[in-house]
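A short worksheet on the structure shown next.
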Amino acid sequence: MEQLLDFFGNTGFAMADYRHLFMIAVGIIFIYLGIAKHYEPLLLVPIGFGILMGNVPVFKGFGLGIYEQGSVLSYLYFGVRQGIYPPLIFLGIGAMTDFSYMLAQPRLMILGAAAQLGIFTTFLAALAIGFSPDEAASIGIIGGADGPTAIFLSAKLAPHLVGPIAIAAYSYMALVPVIQPPIMYLLTTRKERLIRMPDPRPVSKREKIIFPIIGFLLCCFLAPAALPLLGMLFFGNLLKECLVADRLAQTARTSLIDIVTILLGISVGASTQGDVFLTAKSVGIFMLGAASFMVATGGGILFAKLMNVFTRNKINPLLGAAGVSAVPDSARVVQLVGNREDPGNYLLMHAMAPNIAGVIGSAIAAGVLWSFMM
Amino acid sequence: MYGLQAINAANGWAVTIAGVSIVFTGLLVLAAVMGNMERFLALWDRKGEFFRPGKGKLEAQPVRQAAAPGEPIKPAVAETAAVALASEQIEAANAFQLITNRLGEPFSLPQLLEKAAVHGISHPHRHLESFLKLRLIVESEGDQPGLYQWRKDVRIVGTEAEVS
């Protein structure tokens with residue numbers, strides 16, 4: 001009888017409290033959103049299941065929990081803690097991204113820069129409500145709308161907040177079609193939304209090969225701390241464009257990115273535990289995350305309107321919203337909103353330019369914040 | 001600490017201004033460089049013009065053959081014919097050659113087009129048609145009908161300068 005009681009005392013049923021149950025419910029909701037609603041399924045399903053794995057109550061000392069040295073989950077989490085997984089994901093992203101939309105219309109890259117205002121305004125807001133500078137920088141980067149970048153920076157600066165920050169970042173990325181349109185309608189007139197963009201010029205293969213080399217050197221000389229992320233992004237793109245390393249590019253954009261996404265998702269999810277997630281700080285992170293997306297959208301749109309004051313060839317200001325680097329969702333939202341006003345206006349390929357530039361801009365911003373906080 | 005006091009204590013304003021400036025500078029410079037890249041590359045393609053008298057198509061330069069002592073010097077004979085192509089076509093030809101180097105010669109045209117499409121070469125069908133019409137690519141002779149190869153006795157030159 002005593003042994004039975006001992007056994008029962010070591011089960012999850014005996015050790016569970018309301019925090020475990022709440023987080024398990026959160027994990028199930030994420031899995032539901034990923035599978036039934038198709039909200040970022042490649043991320044929400046691993047993260048959701050990881051939350052389940054990380055919140056099953058286990059007896060401390062058996063080397064089972066993610067924060068226990070020597071456990072399997074802690075070895076998988078090593079890639080998050082040390083900032084290894086995000087650059088590998090960027091390698092895959094570079095190998096699957098076509099930068100020609102951006103190269104054809106270089107002035108639209110500036111809109112990608114403008115949208116990163118969301119990062120820095122959120123950083124200031126986070127400082128103002130009492131977060132430490134490291135935490136504020138990690139929260140601010142949510143405004144970059146780039147999951148790997150957010151995980152990379154928060155793993156370096158505020159590892160205890162990786163879980164809530166990653167979940168906030170990916171949740172809001174999935175909610176881009178809900179967050180952005182009201183701001184787009186608020187900040188633009190009908191006349192502006194009807195602006196048609198000229199067809200982009202064809203981009204030669206040589207330009208597509210030269211760009212990753214020049215882009216990497218320019219950006220990393222300016223912000224050396226962005227080297228792990230931008231180095232892998234541009235390297236992946238060079239593999240794709242150079243034609244002679246097709247096997248490597250194929251591996252980077254398929255098997256490698258899939259493997260790393262699985263490991264990243266499951267370990268980030270498992271690291272999100274009730275004692276960190278169910279705090280006032282998490283509420284603050286979620287509120288600031290929403291604000292950062294809104295400010296980033298507004299910043300991009302307003303900057304596009306400012307550019308129109310000085311340029312003869314007008315830019316459709318909706319493209320500024322695509323500077324929020326949730327690729328390709330925010331570009332699709334721009335296409336939808338523009339199409340609603342004028343069914344003949346196809347903005348998607350134009351919107352991809354600031355969208356992709358935003359990825360570069362958010363990586364530079366992450367490097368800058370990391371170097372300031374070091 | 002909260003509010004402006006917290007921001008000032010953490011140098012928030014300086015970090016923000018510096019950060020925004022660096023992000024804008026980086027993307028502005030990149031945009032400026034890539035916006036002018038097409039012009040740089042066109043100038044690079046025309047670099048030969050700065051060193052040669054006159055412009056226009058270049059013909060193959062005849063090669064002088066060495067003569068034995070006492071023998072008259074034979075007039076040089078052009079060993080290869082030259083075909084002038086626009087820079088876009090030259091780029092496509094170079095890309096096609098990279099692909100055919102891996103496919104091996106003789107190669108299948110559908111396979112070449114499939115690889116060209118996968119590698120993002122623009123207008124592969126149009127370029128291939130022009131190369132076939134200009135007889136840069138010809139059907140392989142011998143016992144492999146339906147397969148093609150590059151002509152070895154033809155040299156590709158630019159319309160303004162020699163590039164290969």
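By convention in this document, the chains of the structure tokens carry letters A, B, ... by their order, each chain's residues are numbered from 1, and ligands are numbered from 1 in the order they are shown.
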Report as a PyMOL selection string the set of chain B residues whose atoms approach chain A to within 7 Å, with distances computed over only C-alpha atoms. chain B and resi 1-4+6-7+10+12+16+19-20+23-24+26-28+30-31+34-35+37+119
If we count only C-alpha atoms and set the cut-off at 10 Å, which residues sit around Ile151 (chain A), ignoring sequence neighbours fewer than 5 positions away in its own chain? Please answer as an MDAnalysis selection string. chainID A and resid 80:81 83 85:86 138 141:142 146 156:159 161:163 165:167 169 264 268
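Using only C-alpha atoms, the smallest distance between any of A:Asn345, A:Asn55, A:Thr254, A:Thr122 and Asp275 (chain A) comes from A:Asn55.
Picture a line from CA of Ile139 (chain A) to CA of Leu21 (chain A); it runs 26.1 Å.
Atom to atom, CA of Leu43 (chain A) and CA of Gly265 (chain A) stand 6.1 Å apart.
Picture a line from CA of Thr272 (chain A) to CA of Tyr39 (chain A); it runs 19.4 Å.
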Hey, which of A:Phe22, A:Phe30, A:Phe293, A:Tyr75 ends up closest to Val178 (chain A)? Count only C-alpha atoms. A:Phe293
Which residues, written as a PyMOL selection string, have at least one atom at most 8 Å from Leu187 (chain A), with only C-alpha atoms counted and residues fewer than 2 positions away on the same chain left out? chain A and resi 183-185+189+298+301-302
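For the set A:Glu2, A:Asp258, A:Ile356, A:Asn10, the residue with the smallest atom-to-atom gap to Gly61 (chain A) is A:Asn10, counting only C-alpha atoms.
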Backbone-only DSSP, helix (DSSP H, G or I) members of region 166-369 of chain A, as a ChimeraX atom specification: /A:166-174,176-187,190-193,205-222,224-241,246-271,274-277,280-310,317-323,329-341,348-369
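Remark: for His123 (chain B), the closest of the candidate residues B:Ile99, B:Val138, B:Ala92, B:Ala18 is B:Ala92 (distances computed over only C-alpha atoms).
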Near region 307-315 of chain A, within 8 Å and counting only C-alpha atoms, which residues show up once chain neighbours fewer than 3 positions away are dropped, as a PyMOL selection string? chain A and resi 195-197+303-304+319
Same residues, C-alpha atoms, output as a short mmCIF file (atom, residue, chain, number, x, y, z; two decimals), in the first residue's frame:
data_model
loop_
_atom_site.label_atom_id
_atom_site.label_comp_id
_atom_site.auth_asym_id
_atom_site.auth_seq_id
_atom_site.Cartn_x
_atom_site.Cartn_y
_atom_site.Cartn_z
CA ILE A 195 -2.16 53.93 -57.02
CA ARG A 196 -0.83 51.42 -59.52
CA MET A 197 2.85 50.55 -59.52
CA PHE A 303 7.02 56.60 -44.55
CA ALA A 304 5.66 55.62 -47.96
CA LEU A 319 3.27 48.72 -49.64
#
